[in-house]
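Q: File upload_10.txt follows (compact mmCIF, C-alpha atoms and all ligand atoms):
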# COMPACT_ATOMS: atom_id res chain seq x y z
CA MET X 1 128.55 110.05 94.73
CA TRP X 2 128.87 110.91 91.06
CA VAL X 3 125.89 111.19 88.75
CA HIS X 4 125.26 112.35 85.20
CA LEU X 5 122.04 113.91 83.96
CA THR X 6 121.12 113.77 80.27
CA PRO X 7 118.51 116.53 79.73
CA ILE X 8 116.86 114.78 76.77
CA SER X 9 117.65 111.12 76.47
CA SER X 10 118.09 109.38 73.12
CA ASN X 11 117.36 106.05 74.84
CA LYS X 12 114.48 104.58 72.79
CA LYS X 13 113.09 102.75 75.78
CA THR X 14 112.65 105.86 77.93
CA GLY X 15 111.76 108.29 75.15
CA ALA X 16 112.99 111.89 75.05
CA ILE X 17 112.94 112.73 78.76
CA PRO X 18 115.68 113.58 81.29
CA VAL X 19 117.55 110.45 82.37
CA SER X 20 120.32 110.11 84.93
CA THR X 21 123.13 107.59 85.43
CA THR X 22 124.78 107.06 88.82
CA GLU X 23 128.26 105.66 89.32
CA ASN X 24 128.42 101.90 89.90
CA LYS X 25 129.65 102.30 93.49
CA SER X 26 126.00 103.06 94.31
CA CYS X 27 124.88 99.47 93.64
CA PRO X 28 124.25 97.45 96.81
CA LYS X 29 125.98 94.15 97.51
CA GLU X 30 122.57 92.48 97.94
CA CYS X 31 121.62 92.96 94.27
CA GLY X 32 120.96 89.40 93.12
CA ILE X 33 121.54 90.01 89.42
CA SER X 34 124.66 92.19 89.38
CA GLU X 35 126.57 89.66 87.28
CA GLU X 36 123.77 89.54 84.71
CA CYS X 37 122.95 93.27 84.81
CA TYR X 38 121.84 94.60 81.40
CA ALA X 39 123.55 97.93 82.14
CA GLY X 40 127.05 96.50 82.41
CA LEU X 41 127.63 95.84 78.70
CA GLY X 42 127.22 97.52 75.32
CA HIS X 43 126.75 101.23 74.77
CA LEU X 44 125.15 101.79 78.17
CA GLY X 45 127.92 99.81 79.86
CA MET X 46 130.59 102.03 78.29
CA TRP X 47 128.68 105.15 79.28
CA TRP X 48 128.21 103.86 82.83
CA LYS X 49 131.94 103.21 83.14
CA LYS X 50 132.72 106.78 82.10
CA VAL X 51 130.34 108.16 84.73
CA SER X 52 131.78 105.72 87.30
CA ASP X 53 135.29 106.96 86.43
CA HIS X 54 134.02 110.55 86.97
CA LYS X 55 134.72 111.50 83.35
CA TYR X 56 131.18 112.81 82.95
CA GLY X 57 128.72 114.08 85.51
CA ASP X 58 128.47 116.05 88.72
CA ASN X 59 128.60 115.50 92.42
CA TRP X 60 125.38 114.76 94.25
CA ASP X 61 124.62 118.33 95.38
CA ALA X 62 125.09 119.75 91.87
CA PHE X 63 122.85 117.00 90.48
CA CYS X 64 120.10 117.73 93.04
CA LYS X 65 120.27 121.44 92.18
CA ARG X 66 119.66 120.62 88.53
CA VAL X 67 116.71 118.40 89.43
CA LYS X 68 115.27 121.19 91.55
CA LYS X 69 115.23 123.39 88.45
CA PHE X 70 113.06 120.96 86.47
CA ARG X 71 109.70 122.37 85.48
CA LYS X 72 106.67 121.25 87.49
CA ASN X 73 105.53 117.72 86.58
CA THR X 74 108.60 116.97 84.48
CA LEU X 75 108.58 113.27 83.67
CA TRP X 76 112.06 111.82 84.21
CA ARG X 77 113.85 108.61 85.06
CA HIS X 78 116.51 108.57 87.74
CA ASN X 79 119.09 105.88 86.95
CA GLN X 80 119.14 104.11 83.64
CA ALA X 81 122.10 102.50 85.44
CA GLY X 82 123.17 102.64 89.07
CA ASP X 83 121.20 102.82 92.29
CA LEU X 84 120.46 105.29 95.09
CA PRO X 85 123.43 106.61 97.14
CA GLN X 86 125.07 104.33 99.66
CA ASP X 87 126.35 105.23 103.13
CA GLU X 88 129.50 103.94 104.82
CA ASN X 89 127.57 100.94 106.19
CA GLY X 90 126.47 99.72 102.76
CA LYS X 91 122.91 100.94 103.35
CA LEU X 92 120.98 103.79 101.78
CA ASP X 93 122.46 107.21 102.50
CA SER X 94 119.48 108.86 104.18
CA ASP X 95 120.71 112.47 103.78
CA LYS X 96 121.46 112.18 100.08
CA CYS X 97 118.24 110.28 99.40
CA GLU X 98 116.21 112.90 101.23
CA SER X 99 117.97 115.74 99.35
CA LEU X 100 117.03 114.15 96.06
CA ALA X 101 113.43 113.46 97.10
CA ASP X 102 113.08 117.08 98.25
CA ALA X 103 114.62 118.44 95.04
CA ALA X 104 112.30 116.25 92.97
CA SER X 105 109.08 116.78 94.94
CA HIS X 106 107.52 118.93 92.18
CA THR X 107 108.42 116.47 89.40
CA ASP X 108 106.96 113.22 88.05
CA GLY X 109 110.05 111.06 88.31
CA TRP X 110 110.74 107.45 89.10
CA THR X 111 113.60 105.15 89.91
CA TYR X 112 114.32 101.60 91.12
CA THR X 113 116.36 100.25 94.00
CA HIS X 114 117.94 96.93 94.83
CA TYR X 115 118.68 97.96 98.44
CA ASP X 116 117.06 95.47 100.79
CA PRO X 117 113.75 97.08 101.85
CA THR X 118 113.27 94.56 104.66
CA ASP X 119 116.19 96.23 106.43
CA GLU X 120 114.72 98.72 108.91
CA HIS X 121 116.98 101.61 107.89
CA ASN X 122 116.50 101.15 104.12
CA ASN X 123 112.77 100.68 104.63
CA SER X 124 112.48 103.97 106.43
CA VAL X 125 114.51 105.86 103.78
CA ILE X 126 112.48 104.44 100.88
CA ASN X 127 109.22 105.02 102.68
CA GLY X 128 110.27 108.62 103.42
CA MET X 129 111.11 109.26 99.77
CA ASN X 130 107.79 107.89 98.57
CA GLU X 131 105.93 109.89 101.22
CA ILE X 132 107.48 113.07 99.83
CA GLY X 133 106.26 111.98 96.40
CA GLY X 134 107.55 113.35 93.11
CA LEU X 135 110.27 110.75 92.65
CA VAL X 136 108.66 107.32 92.94
CA VAL X 137 111.04 104.62 94.21
CA ASN X 138 110.22 101.13 92.88
CA LEU X 139 111.54 98.06 94.71
CA SER X 140 113.41 95.73 92.36
CA ALA X 141 112.76 92.08 93.21
CA ASP X 142 114.91 89.32 91.73
CA THR X 143 112.53 86.46 92.51
CA MET X 144 108.77 85.93 92.79
CA GLU X 145 109.21 85.22 96.48
CA GLN X 146 110.92 88.58 96.95
CA ALA X 147 108.26 90.35 94.90
CA GLU X 148 105.53 89.03 97.21
CA GLU X 149 107.53 89.80 100.34
CA TYR X 150 108.22 93.38 99.15
CA TYR X 151 104.60 93.89 98.14
CA GLU X 152 103.52 93.10 101.70
CA LEU X 153 105.74 95.91 103.02
CA GLY X 154 103.34 98.42 101.43
CA ILE X 155 105.95 101.16 101.04
CA ALA X 156 106.54 101.18 97.29
CA PRO X 157 105.52 99.70 93.94
CA ILE X 158 107.36 96.56 92.86
CA THR X 159 109.18 95.33 89.77
CA VAL X 160 110.44 91.81 89.12
CA VAL X 161 112.64 90.15 86.52
CA LEU X 162 111.09 87.49 84.27
CA PRO X 163 112.69 84.90 81.99
CA GLU X 164 113.12 86.10 78.40
CA ASP X 165 110.49 83.62 77.18
CA ALA X 166 107.79 84.65 79.70
CA PRO X 167 104.39 85.23 78.04
CA ASN X 168 103.49 88.84 77.26
CA MET X 169 100.23 88.63 79.21
CA GLY X 170 98.69 86.75 82.11
CA ASN X 171 101.77 86.56 84.37
CA LYS X 172 101.13 86.27 88.11
CA THR X 173 103.15 85.60 91.24
CA PRO X 174 102.53 82.22 92.95
CA ASN X 175 100.04 83.94 95.29
CA GLY X 176 98.21 85.58 92.39
CA LEU X 177 99.57 89.15 92.30
CA PRO X 178 99.21 90.42 88.73
CA ILE X 179 102.38 91.15 86.75
CA VAL X 180 102.28 93.53 83.77
CA VAL X 181 105.20 92.99 81.39
CA CYS X 182 106.86 96.33 80.62
CA PRO X 183 104.95 97.56 77.55
CA ALA X 184 108.19 98.84 75.98
CA GLN X 185 109.17 95.16 75.70
CA THR X 186 105.92 94.02 74.12
CA GLN X 187 104.68 96.90 71.96
CA GLU X 188 106.32 98.66 69.04
CA ASP X 189 106.85 102.39 69.51
CA MET X 190 106.12 102.21 73.24
CA ALA X 191 108.39 104.09 75.64
CA CYS X 192 108.35 105.27 79.25
CA ASN X 193 107.26 108.79 78.29
CA ILE X 194 104.00 107.30 76.95
CA CYS X 195 103.55 104.42 79.43
CA GLU X 196 104.49 106.05 82.79
CA LEU X 197 103.56 102.86 84.70
CA CYS X 198 106.71 102.93 86.84
CA GLN X 199 105.80 106.44 87.93
CA LYS X 200 102.53 105.25 89.53
CA ARG X 201 103.31 105.00 93.21
CA ASP X 202 100.01 103.38 94.17
CA ARG X 203 99.70 100.87 91.35
CA LYS X 204 98.58 97.40 92.40
CA SER X 205 100.27 95.52 89.57
CA ILE X 206 103.89 94.44 89.62
CA VAL X 207 105.90 95.53 86.58
CA GLY X 208 107.79 92.58 85.07
CA PHE X 209 110.94 93.03 83.04
CA LYS X 210 111.83 90.16 80.75
CA ALA X 211 115.52 89.36 80.81
CA HIS X 212 117.17 91.48 78.12
CA GLY X 213 120.60 92.54 77.01
CA SER X 214 123.43 90.24 75.99
CA ARG X 215 123.39 88.46 79.37
CA ARG X 216 119.69 87.58 79.09
CA LYS X 217 120.28 83.83 78.69
CA LYS X 218 122.33 83.67 81.87
CA LEU X 219 119.73 85.72 83.70
CA SER X 220 116.87 83.56 82.39
CA GLU X 221 118.68 80.45 83.66
CA LYS X 222 119.10 82.03 87.06
CA ILE X 223 115.41 82.99 87.24
CA ALA X 224 114.43 79.43 86.22
CA GLU X 225 116.64 78.03 88.99
CA ASN X 226 114.93 80.32 91.50
CA LEU X 227 111.52 79.11 90.33
CA ALA X 228 112.52 75.42 90.56
S1 LIG P 301 106.71 99.75 82.51
FE1 LIG P 301 106.43 101.64 81.34
S2 LIG P 301 107.42 103.24 82.58
FE2 LIG P 301 108.17 101.24 83.34
S3 LIG P 301 110.09 100.85 82.22
FE3 LIG P 301 108.40 99.88 81.04
S4 LIG P 301 107.75 101.44 79.55
FE4 LIG P 301 108.95 102.48 81.12
As structure tokens - that is how I would like this structure written.
A:
Amino acid sequence: MWVHLTPISSNKKTGAIPVSTTENKSCPKECGISEECYAGLGHLGMWWKKVSDHKYGDNWDAFCKRVKKFRKNTLWRHNQAGDLPQDENGKLDSDKCESLADAASHTDGWTYTHYDPTDEHNNSVINGMNEIGGLVVNLSADTMEQAEEYYELGIAPITVVLPEDAPNMGNKTPNGLPIVVCPAQTQEDMACNICELCQKRDRKSIVGFKAHGSRRKKLSEKIAENLA
């Protein structure tokens, strides 16, 4: 598994914090929005391809060693593109995930995963990572139904994709779970290094990401179909 770590990101959305990118082989087949993924195009898409072609980056052990050297409480985002490492069965690689969680236990990091958390193996790996703390793993839901199902698992905070024209405030799942639209999408000069919502393991609200990037129309249509 190949991963690149930028020590101080110039990504406006994250702010100037360490940000990693993992090769695209890490993405699970069950991701419901892979064809509309914001990370596949533009500047980030080109960068992701270079990491995926192993032109930039390190192997997993070298990456974990660098994370281990972060100062205490370093705020960082694992994966502006890519997902957690995959094993030969297409599920989360428990050893690599545990190595990262251990290396990051003294930090304030966060990441997202599209691996199916209702699968017993994946559930146990994600739960184990969040028990260690440090690197908070968010579950990425592609539909409201999934968001509610994942919330009930009680192992991780949840994010969900929203249509690009969703209101900035007052969003809820059909059963009434509150959804906070990512403040970097609704407020000028807001970035992850100020917001830190995705780093809150025990938050009750779901973070909603409005469809963005050049494939946002296609993604919005897909979300609307799922809601129909
Ligand atoms: S909700 Fe906050 S921490 Fe999460 S992606 Fe948006 S700005 Fe960053």
Q: Considering all atoms listed in the file, can you say which of X:Val161, X:Ala166, X:Met46, X:Leu100 comes closest to ligand LIG 301 (chain P)?
A: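 For ligand LIG 301 (chain P), the nearest of the given residues is X:Val161.
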Q: Give me, as a list in words, all polymer residues having an atom no more than 12 Å from Asp87 in chain X, counting all atoms listed in the file and skipping those fewer than 2 positions away in the same chain.
A: Met1, Lys25, Ser26, Cys27, Pro28, Leu84, Pro85, Asn89, Gly90, Lys91, Leu92, Asp93, Ser94, Asp95, Lys96, Cys97, Tyr115, His121, Asn122 and Val125 of chain X
Q: With C-alpha atoms retained, write the just-selected residues as a PDB file, in the frame of the given file.
A:
ATOM      1  CA  MET X   1     128.550 110.050  94.730  1.00  0.00           C
ATOM      2  CA  LYS X  25     129.650 102.300  93.490  1.00  0.00           C
ATOM      3  CA  SER X  26     126.000 103.060  94.310  1.00  0.00           C
ATOM      4  CA  CYS X  27     124.880  99.470  93.640  1.00  0.00           C
ATOM      5  CA  PRO X  28     124.250  97.450  96.810  1.00  0.00           C
ATOM      6  CA  LEU X  84     120.460 105.290  95.090  1.00  0.00           C
ATOM      7  CA  PRO X  85     123.430 106.610  97.140  1.00  0.00           C
ATOM      8  CA  ASN X  89     127.570 100.940 106.190  1.00  0.00           C
ATOM      9  CA  GLY X  90     126.470  99.720 102.760  1.00  0.00           C
ATOM     10  CA  LYS X  91     122.910 100.940 103.350  1.00  0.00           C
ATOM     11  CA  LEU X  92     120.980 103.790 101.780  1.00  0.00           C
ATOM     12  CA  ASP X  93     122.460 107.210 102.500  1.00  0.00           C
ATOM     13  CA  SER X  94     119.480 108.860 104.180  1.00  0.00           C
ATOM     14  CA  ASP X  95     120.710 112.470 103.780  1.00  0.00           C
ATOM     15  CA  LYS X  96     121.460 112.180 100.080  1.00  0.00           C
ATOM     16  CA  CYS X  97     118.240 110.280  99.400  1.00  0.00           C
ATOM     17  CA  TYR X 115     118.680  97.960  98.440  1.00  0.00           C
ATOM     18  CA  HIS X 121     116.980 101.610 107.890  1.00  0.00           C
ATOM     19  CA  ASN X 122     116.500 101.150 104.120  1.00  0.00           C
ATOM     20  CA  VAL X 125     114.510 105.860 103.780  1.00  0.00           C
TER      21      VAL X 125
END
Q: Do you know which residues are within 10 Å of ligand LIG 301 (chain P) using all atoms listed in the file? Can you write them as a PDB file with C-alpha atoms, in the frame of the given file?
A:
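The new file selection-v8.pdb reads:
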ATOM      1  CA  LYS X  13     113.090 102.750  75.780  1.00  0.00           C
ATOM      2  CA  THR X  14     112.650 105.860  77.930  1.00  0.00           C
ATOM      3  CA  GLY X  15     111.760 108.290  75.150  1.00  0.00           C
ATOM      4  CA  TRP X  76     112.060 111.820  84.210  1.00  0.00           C
ATOM      5  CA  ARG X  77     113.850 108.610  85.060  1.00  0.00           C
ATOM      6  CA  GLN X  80     119.140 104.110  83.640  1.00  0.00           C
ATOM      7  CA  TRP X 110     110.740 107.450  89.100  1.00  0.00           C
ATOM      8  CA  THR X 111     113.600 105.150  89.910  1.00  0.00           C
ATOM      9  CA  TYR X 112     114.320 101.600  91.120  1.00  0.00           C
ATOM     10  CA  ASN X 138     110.220 101.130  92.880  1.00  0.00           C
ATOM     11  CA  THR X 159     109.180  95.330  89.770  1.00  0.00           C
ATOM     12  CA  VAL X 180     102.280  93.530  83.770  1.00  0.00           C
ATOM     13  CA  VAL X 181     105.200  92.990  81.390  1.00  0.00           C
ATOM     14  CA  CYS X 182     106.860  96.330  80.620  1.00  0.00           C
ATOM     15  CA  PRO X 183     104.950  97.560  77.550  1.00  0.00           C
ATOM     16  CA  ALA X 184     108.190  98.840  75.980  1.00  0.00           C
ATOM     17  CA  GLN X 185     109.170  95.160  75.700  1.00  0.00           C
ATOM     18  CA  THR X 186     105.920  94.020  74.120  1.00  0.00           C
ATOM     19  CA  GLN X 187     104.680  96.900  71.960  1.00  0.00           C
ATOM     20  CA  MET X 190     106.120 102.210  73.240  1.00  0.00           C
ATOM     21  CA  ALA X 191     108.390 104.090  75.640  1.00  0.00           C
ATOM     22  CA  CYS X 192     108.350 105.270  79.250  1.00  0.00           C
ATOM     23  CA  ASN X 193     107.260 108.790  78.290  1.00  0.00           C
ATOM     24  CA  ILE X 194     104.000 107.300  76.950  1.00  0.00           C
ATOM     25  CA  CYS X 195     103.550 104.420  79.430  1.00  0.00           C
ATOM     26  CA  GLU X 196     104.490 106.050  82.790  1.00  0.00           C
ATOM     27  CA  LEU X 197     103.560 102.860  84.700  1.00  0.00           C
ATOM     28  CA  CYS X 198     106.710 102.930  86.840  1.00  0.00           C
ATOM     29  CA  GLN X 199     105.800 106.440  87.930  1.00  0.00           C
ATOM     30  CA  LYS X 200     102.530 105.250  89.530  1.00  0.00           C
ATOM     31  CA  ILE X 206     103.890  94.440  89.620  1.00  0.00           C
ATOM     32  CA  VAL X 207     105.900  95.530  86.580  1.00  0.00           C
ATOM     33  CA  GLY X 208     107.790  92.580  85.070  1.00  0.00           C
ATOM     34  CA  PHE X 209     110.940  93.030  83.040  1.00  0.00           C
TER      35      PHE X 209
END
Q: Just to confirm, what's the straight-line distance from CA of His114 in chain X to CA of Leu139 in chain X in Å (one decimal)?
A: 6.5 Å
Q: Calculated over only C-alpha atoms, which of the candidates X:Ser140, X:Asn11, X:Gln86, X:Thr107 has the smallest distance to Pro157 in chain X?
A: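 Smallest distance to Pro157 in chain X is found for X:Ser140.
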Q: Point out the residue among X:Ala211, X:Ala156, X:Ala147, X:Ala103 with the least atom-to-atom distance to Gly128 in chain X, counting all atoms listed in the file.
A: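 Closest to Gly128 in chain X, using all atoms listed in the file: X:Ala156.
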Q: What does the distance from CA of Cys37 in chain X to CA of Val51 in chain X come to in Å, to one decimal?
A: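 Distance between the two atoms: 16.6 Å.
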Q: Would you mind telling me which residue in X:Thr74, X:Thr21, X:Ser10, X:Asn79 lies nearest to Trp48 in chain X when using all atoms listed in the file?
A: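 Counting all atoms listed in the file, the residue closest to Trp48 in chain X is X:Thr21.
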Q: With only C-alpha atoms as the counted atoms, please give the residues lying no more than 9 Å from Arg66 in chain X, apart from itself and same-chain residues fewer than 4 positions off, as JSON, numbers by chain.
A: {"X": [5, 61, 62, 70, 103]}
Q: Residues as selected, C-alpha atoms, written as a compact mmCIF listing (two decimals), in the coordinates of the input, can you do that?
A:
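Writing the result to again_37.txt gives the following:
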# COMPACT_ATOMS: atom_id res chain seq x y z
CA LEU X 5 122.04 113.91 83.96
CA ASP X 61 124.62 118.33 95.38
CA ALA X 62 125.09 119.75 91.87
CA PHE X 70 113.06 120.96 86.47
CA ALA X 103 114.62 118.44 95.04
Q: Find the residues around Asn175 in chain X up to 10 Å (all atoms listed in the file counted), leave out those fewer than 3 positions away in its own chain, and share them as JSON, numbers by chain.
A: {"X": [144, 145, 148, 172, 178]}
Q: In Å to one decimal, how far is CA of Leu75 in chain X from CA of Ile155 in chain X?
A: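 About the pair CA of Ile155 in chain X and CA of Leu75 in chain X: they are 21.3 Å apart.
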Q: Which one of X:Asn123, X:Ile8, X:Ile179, X:Glu35 sits closest to Val160 in chain X if you count all atoms listed in the file?
A: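 Ranked by minimum distance to Val160 in chain X, first place goes to X:Ile179.
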Q: I need the residue nearest Val3 in chain X from this list: X:Ser34, X:Thr113, X:Asn59, X:Thr118. Use all atoms listed in the file for the distance.
A: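 Of the candidates, the smallest distance to Val3 in chain X is held by X:Asn59.
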